[in-house]
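Each remark here refers to the structure printed beneath this line.
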Amino acid sequence: MRRPNIVYFHTHDTGRYIEPYGAPIRTPRLQAFAEESVVFRNAHSVAPTCSPSRAGLLTGQWAHSAGMLGLAHRGHSLRNYDQHLVHTLHRHGYTSALVGVQHEASGAGASTKTIGYHEEVPTADVLAPARREAAVSYLRRRHEQPFFLSVGLLETHTMKSADWLFGHAGGDERWTAPAPTMPDAAVTRRDMASFHAAAAQVDQALGAVLDTLREEGLSDNTVVLVTTDHGLAMPGMKCTLGATGTGVMMMLRAPGLPGGLAVDSLVSQVDVFPTLCALLGIDEPDWLQGQSLLPTIEGRSVRDETFAEVTYHAAYQPQRAIRTEQWLYIRSFDDQNRPNLSNVDASESKTLWVNAGWADQPVPRVRLHDLTFDPHERNNLAGDPATATIQAGLARRLDRWMIDTDDPLLQGPVPPPARAEQPA
C-alpha cells in the first residue's frame with residue numbers, strides 16, 4: 001500500500017473559535033470531523049502572526065530559526081525554502097498542489113517558483129466557495145502518486161472592502177456574543193455575526209473536501225490536518241502572546257489514529273512536521289525543532305513547555321513567551337509601554353476601544369500568569385514576591401531557548417528587511 005495522501009486544510013485567524021472547542025458558533029462539519037479525529041485542545045502556534053506561524057508549522061522550526069520574522073508580503077522570507085515541508089514530501093514520491101492561501105512567500109508565482117509546489121490550482125475568486133470547488137476538482141482527478149494538497153482559505157480573516165468585517169453577511173447581531181476580549185455592544189456583536197458567517201463558509205468547504213475524499217475512495221488512505229494560523233483578528237487576540245493569540249484549533253485524522261480523542265497535553269504547531277514524518281514512516285530532516293505528537297495519543301506528554309514570538313507584524317513589536325501547563329511568561333524587548341495599535345486589524349470593535357482611550361492604556365514589559373487560577377490571563381503576577389522564584393525560572397528557560405535557537409533579538413533590535421513596508 002502506498003503512503004497516504006495528505007490534505008492540509010487551513011484558515012486565517014480562527015483561533016479555537018469553532019464548535020469542537022466549545023465556542024458559541026455552529027460548525028457542524030468541523031464538529032463531525034472532530035469526532036473522527038485526534039483533537040489537540042491545548043495547541044499553540046509558534047507566533048500569533050500569519051507568516052511566522054505558517055513558517056513554524058511548515059518547516060518544523062521556531063519562526064526566527066526559519067528566518068520568518070514578519071509578514072511575507074512585507075519583505076520577510078524563509079531562510080531556506082528547501083526546508084519547506086513540500087520538498088521533504090517530494091523526495092519521498094509525493095506530488096504537491098496549492099489551492100488558495102499560502103503566506104510563506106510573496107510575489108507572482110511564489111507558490112511554485114519560490115516555495116516549490118508542483119502546482120497552484122486556479123480559483124475563480126478569493127472566497128471559500130471558489131476555493132472549495134477548486135479543491136474538489138483536484139481531488140476528483142486520477143492520482144498516480146500520493147499527493148499533498150494544501151487548501152488555504154482567506155476566511156476568517158477580515159476583509160476591508162466588504163460591508164461586513166469578515167466578508168460574509170452575518171445574522172441578527174442582537175443574538176450574537178461579542179469576541180471574548182470585547183465588551184457587549186452593537187458594533188462588537190455585528191463584527192462577530194460576520195465572523196460566524198465566515199466560519200460557516202469554512203465549515204462548508206471542509207465538508208465538501210471530506211465528502212469528495214469519501215466519494216473518490218480516498219478517505220481511508222489520506223491524512224487530514226485541520227488548523228489555523230493564530231487567534232481572531234480582534235483587539236487583545238491576534239498579535240498577542242496569550243492564549244487568545246497563539247491558541248489554535250488543530251485536529252488530525254489519519255489511518256491508524258483513534259477518532260474523537262481529545263488530547264489535553266501542551267503541544268505546538270512546530271510539532272506537526274515531525275508528526276507527519278512519523279505517520280508516513282520517513283526519516284526526520286535534521287533541522288526539525290519539534291517532536292512527534294504520536295505519544296500524546298497514548299497519554300504521554302512530549303513537551304514541558306512551548307514558545308511563541310512576535311518580531312514584526314505591521315510594525316516592530318519584539319516579544320517572546322514561554323508557556324507551561326501552569327504558567328505563561330511574556331517579555332518585551334523594547335521600551336514600548338502603550339498598545340501598538342498598527343498591529344491590530346481595523347474593525348468597529350477596535351474603534352470602540354480606541355475611542356475609549358485604548359492608546360493610553362499601559363502595557364507591562366513583563367507578564368506572568370498562573371494558568372490554573374487565571375486561565376484568561378488577566379492577573380499579572382510579574383514582580384510579585386510570592387512568585388519571584390517561578391518568574392526567575394521561566395526567564396532563565398526563555399533565555400536558554402533564545403540562546404539555543406540563535407534568536408536575533410540577543411544581538412539587539414532587529415532591523416526590518418530591505419523591502420519592508422512599514423506603517424506611517
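Going through the C-alpha cells in order, the chains are called A, B, and so on, while each chain numbers its residues from 1 and the ligands are numbered from 1 in the order shown.
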
Those in stretch 98-191 of chain A with strand (DSSP E) from DSSP, as number ranges by chain: A: 98-100, 119-121, 147-152

For A:Thr59: contacts at 6 Å, only C-alpha atoms, fewer than 3 positions along chain excluded, given as a PyMOL selection string: chain A and resi 55-56+83-85

Could those residues be written to a file, using N, CA, C and O atoms, as a PDB file, in the first residue's frame?
ATOM      1  N   ALA A  55       5.220  29.491   8.835  1.00  0.00           N
ATOM      2  CA  ALA A  55       6.604  29.052   8.669  1.00  0.00           C
ATOM      3  C   ALA A  55       6.968  28.008   9.714  1.00  0.00           C
ATOM      4  O   ALA A  55       7.640  27.017   9.423  1.00  0.00           O
ATOM      5  N   GLY A  56       6.515  28.224  10.949  1.00  0.00           N
ATOM      6  CA  GLY A  56       6.815  27.264  12.001  1.00  0.00           C
ATOM      7  C   GLY A  56       6.231  25.898  11.724  1.00  0.00           C
ATOM      8  O   GLY A  56       6.895  24.867  11.888  1.00  0.00           O
ATOM      9  N   GLN A  83      13.646  23.829   3.048  1.00  0.00           N
ATOM     10  CA  GLN A  83      13.202  23.249   4.309  1.00  0.00           C
ATOM     11  C   GLN A  83      11.685  23.238   4.446  1.00  0.00           C
ATOM     12  O   GLN A  83      11.164  22.722   5.438  1.00  0.00           O
ATOM     13  N   HIS A  84      10.978  23.790   3.494  1.00  0.00           N
ATOM     14  CA  HIS A  84       9.513  23.723   3.489  1.00  0.00           C
ATOM     15  C   HIS A  84       9.083  22.269   3.330  1.00  0.00           C
ATOM     16  O   HIS A  84       9.701  21.482   2.608  1.00  0.00           O
ATOM     17  N   LEU A  85       8.006  21.905   3.995  1.00  0.00           N
ATOM     18  CA  LEU A  85       7.522  20.527   4.009  1.00  0.00           C
ATOM     19  C   LEU A  85       7.400  19.917   2.624  1.00  0.00           C
ATOM     20  O   LEU A  85       7.679  18.713   2.447  1.00  0.00           O
TER      21      LEU A  85
END

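Near A:Thr405, within 9 Å and counting only C-alpha atoms, sit Trp62, His64, Ser65 and Arg400 of chain A; same-chain residues fewer than 5 positions away were not included.
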
Expected file: the selected residues, all heavy atoms, as a tab-separated table (two decimals), in the first residue's frame:
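Once everything was written out, this is result_28.tsv:
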chain	number	residue	atom	x	y	z
A	62	TRP	N	11.08	26.98	14.96
A	62	TRP	CA	10.59	28.23	15.52
A	62	TRP	C	10.74	29.32	14.46
A	62	TRP	O	11.61	29.25	13.60
A	62	TRP	CB	11.35	28.58	16.80
A	62	TRP	CG	11.32	27.46	17.80
A	62	TRP	CD1	12.35	26.65	18.16
A	62	TRP	CD2	10.17	27.01	18.52
A	62	TRP	NE1	11.93	25.71	19.08
A	62	TRP	CE2	10.59	25.91	19.32
A	62	TRP	CE3	8.83	27.40	18.58
A	62	TRP	CZ2	9.72	25.21	20.16
A	62	TRP	CZ3	7.96	26.72	19.42
A	62	TRP	CH2	8.41	25.64	20.21
A	64	HIS	N	11.86	32.39	14.16
A	64	HIS	CA	13.14	33.08	13.89
A	64	HIS	C	14.19	32.09	13.37
A	64	HIS	O	15.06	32.49	12.60
A	64	HIS	CB	13.64	33.81	15.14
A	64	HIS	CG	13.97	32.93	16.30
A	64	HIS	ND1	13.08	32.68	17.31
A	64	HIS	CD2	15.10	32.23	16.61
A	64	HIS	CE1	13.64	31.88	18.20
A	64	HIS	NE2	14.86	31.58	17.80
A	65	SER	N	14.12	30.83	13.77
A	65	SER	CA	15.05	29.84	13.23
A	65	SER	C	14.81	29.61	11.75
A	65	SER	O	15.75	29.39	10.98
A	65	SER	CB	14.91	28.52	13.99
A	65	SER	OG	15.23	28.66	15.36
A	400	ARG	N	17.48	30.55	27.75
A	400	ARG	CA	18.19	29.38	27.23
A	400	ARG	C	17.67	29.01	25.85
A	400	ARG	O	18.45	28.68	24.95
A	400	ARG	CB	18.03	28.20	28.21
A	400	ARG	CG	18.58	26.87	27.73
A	400	ARG	CD	19.99	26.93	27.22
A	400	ARG	NE	20.90	27.53	28.20
A	400	ARG	CZ	22.13	27.91	27.93
A	400	ARG	NH1	22.61	27.81	26.69
A	400	ARG	NH2	22.90	28.43	28.87

Listing only residues of stretch 59-117 of chain A within 12 Å of stretch 215-234 of chain A, what is the closest atom pair and its distance in Å (to one decimal) for each, using only C-alpha atoms, sorted by chain and residue number ascending, as a Markdown table?
| residue | atom | partner | partner_atom | distance |
| --- | --- | --- | --- | --- |
| A:Val101 | CA | A:Asp229 | CA | 11.5 |
| A:Gln102 | CA | A:Asp229 | CA | 10.9 |
| A:His103 | CA | A:Asp229 | CA | 10.1 |
| A:Glu104 | CA | A:Asp229 | CA | 11.8 |

Okay, now the selection with C-alpha atoms, as a PDB file, in the first residue's frame?
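Full text of out_18.pdb as output:
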ATOM      1  CA  VAL A 101      -3.797  30.911   0.567  1.00  0.00           C
ATOM      2  CA  GLN A 102      -0.151  30.486   1.307  1.00  0.00           C
ATOM      3  CA  HIS A 103       1.706  33.125   3.312  1.00  0.00           C
ATOM      4  CA  GLU A 104       5.254  31.823   3.283  1.00  0.00           C
TER       5      GLU A 104
END

Report as a PDB file with C-alpha atoms, in the first residue's frame all protein, DNA and RNA residues lying within 10 Å of A:Thr123, evaluated on only C-alpha atoms, omitting residues in the same chain fewer than 3 positions from it.
ATOM      1  CA  VAL A  99      -5.455  25.779  -3.527  1.00  0.00           C
ATOM      2  CA  GLY A 100      -5.882  29.270  -2.137  1.00  0.00           C
ATOM      3  CA  GLU A 120      -1.145  26.068  -7.920  1.00  0.00           C
ATOM      4  CA  VAL A 126     -10.600  34.519  -3.221  1.00  0.00           C
ATOM      5  CA  LEU A 127     -13.631  33.397  -1.224  1.00  0.00           C
ATOM      6  CA  ALA A 128     -14.284  29.956   0.208  1.00  0.00           C
ATOM      7  CA  PRO A 129     -16.890  28.708  -2.310  1.00  0.00           C
ATOM      8  CA  ALA A 130     -14.461  29.133  -5.219  1.00  0.00           C
ATOM      9  CA  ARG A 131     -11.603  27.539  -3.348  1.00  0.00           C
ATOM     10  CA  ARG A 132     -13.858  24.707  -2.235  1.00  0.00           C
ATOM     11  CA  GLU A 133     -14.703  23.936  -5.864  1.00  0.00           C
ATOM     12  CA  ALA A 134     -11.045  24.040  -6.888  1.00  0.00           C
ATOM     13  CA  ALA A 135     -10.097  21.601  -4.117  1.00  0.00           C
TER      14      ALA A 135
END

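Of the residues under consideration (A:Pro28, A:Gly109, A:Pro258, A:Pro413), A:Pro28 shows the shortest atom-to-atom contact distance to A:Ala200 when counting only C-alpha atoms.
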
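The residue that comes closest to A:Ala110, out of A:Ala395, A:Ile25, A:Pro48, A:Ser77 and on the basis of only C-alpha atoms, is A:Ser77.
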
Spatial neighbours of A:Val344, 9 Å, only C-alpha atoms, chain gap at least 4 places, as a list in words: Ala233, Met234, Pro235, Gly236, Met237, Lys238, Cys239, Ala314, Asn340 and Lys350 of chain A

All residues 7 Å or closer to stretch 272-274 of chain A, only C-alpha atoms, same chain fewer than 2 positions away omitted, as a list of chain:residue names: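 The residues that qualify are A:Leu57, A:Leu58, A:Thr59, A:Gly60, A:Gln269, A:Val270, A:Leu276, A:Cys277, A:Ala278, A:Glu284, A:Gly290, A:Gln291, A:Ser292.
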
Same residues, N, CA, C and O atoms, output as a tab-separated table (two decimals), in the first residue's frame:
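Saved the output as out.tsv:
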chain	number	residue	atom	x	y	z
A	57	LEU	N	4.98	25.86	11.30
A	57	LEU	CA	4.32	24.58	11.02
A	57	LEU	C	4.98	23.89	9.82
A	57	LEU	O	5.23	22.68	9.85
A	58	LEU	N	5.27	24.63	8.78
A	58	LEU	CA	5.68	24.03	7.51
A	58	LEU	C	7.18	23.79	7.39
A	58	LEU	O	7.62	23.11	6.45
A	59	THR	N	7.96	24.32	8.32
A	59	THR	CA	9.40	23.97	8.35
A	59	THR	C	9.76	23.17	9.59
A	59	THR	O	10.88	22.65	9.68
A	60	GLY	N	8.85	23.09	10.57
A	60	GLY	CA	9.17	22.40	11.80
A	60	GLY	C	10.20	23.12	12.64
A	60	GLY	O	10.94	22.49	13.41
A	269	GLN	N	2.49	23.87	17.04
A	269	GLN	CA	2.48	23.57	15.60
A	269	GLN	C	3.87	23.24	15.08
A	269	GLN	O	3.99	22.66	14.00
A	270	VAL	N	4.92	23.57	15.81
A	270	VAL	CA	6.25	23.16	15.39
A	270	VAL	C	6.38	21.64	15.43
A	270	VAL	O	7.29	21.07	14.82
A	276	LEU	N	4.04	14.24	11.04
A	276	LEU	CA	3.79	13.72	9.69
A	276	LEU	C	4.88	12.73	9.28
A	276	LEU	O	4.59	11.69	8.68
A	277	CYS	N	6.13	13.03	9.62
A	277	CYS	CA	7.20	12.09	9.30
A	277	CYS	C	6.95	10.74	9.97
A	277	CYS	O	7.13	9.68	9.35
A	278	ALA	N	6.51	10.78	11.23
A	278	ALA	CA	6.24	9.54	11.94
A	278	ALA	C	5.08	8.78	11.31
A	278	ALA	O	5.12	7.56	11.16
A	284	GLU	N	13.14	11.98	9.77
A	284	GLU	CA	13.01	13.42	10.01
A	284	GLU	C	14.22	14.16	9.47
A	284	GLU	O	15.36	13.74	9.68
A	290	GLY	N	10.77	20.46	16.44
A	290	GLY	CA	9.61	19.95	17.16
A	290	GLY	C	9.75	18.46	17.43
A	290	GLY	O	10.80	17.85	17.19
A	291	GLN	N	8.68	17.88	17.95
A	291	GLN	CA	8.67	16.46	18.32
A	291	GLN	C	7.37	15.83	17.84
A	291	GLN	O	6.32	16.48	17.82
A	292	SER	N	7.43	14.56	17.47
A	292	SER	CA	6.23	13.86	17.06
A	292	SER	C	5.19	13.86	18.17
A	292	SER	O	5.50	13.64	19.34

Best match for closeness to A:Val187 among A:Leu206, A:Leu165, A:Val86, A:Ala199, counting only C-alpha atoms: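 Among the listed residues, the smallest separation from A:Val187 belongs to A:Leu165.
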
Every residue of stretch 179-333 of chain A that DSSP places in alpha helix (DSSP H), as a PyMOL selection string: chain A and resi 186-215+243-246+272-280
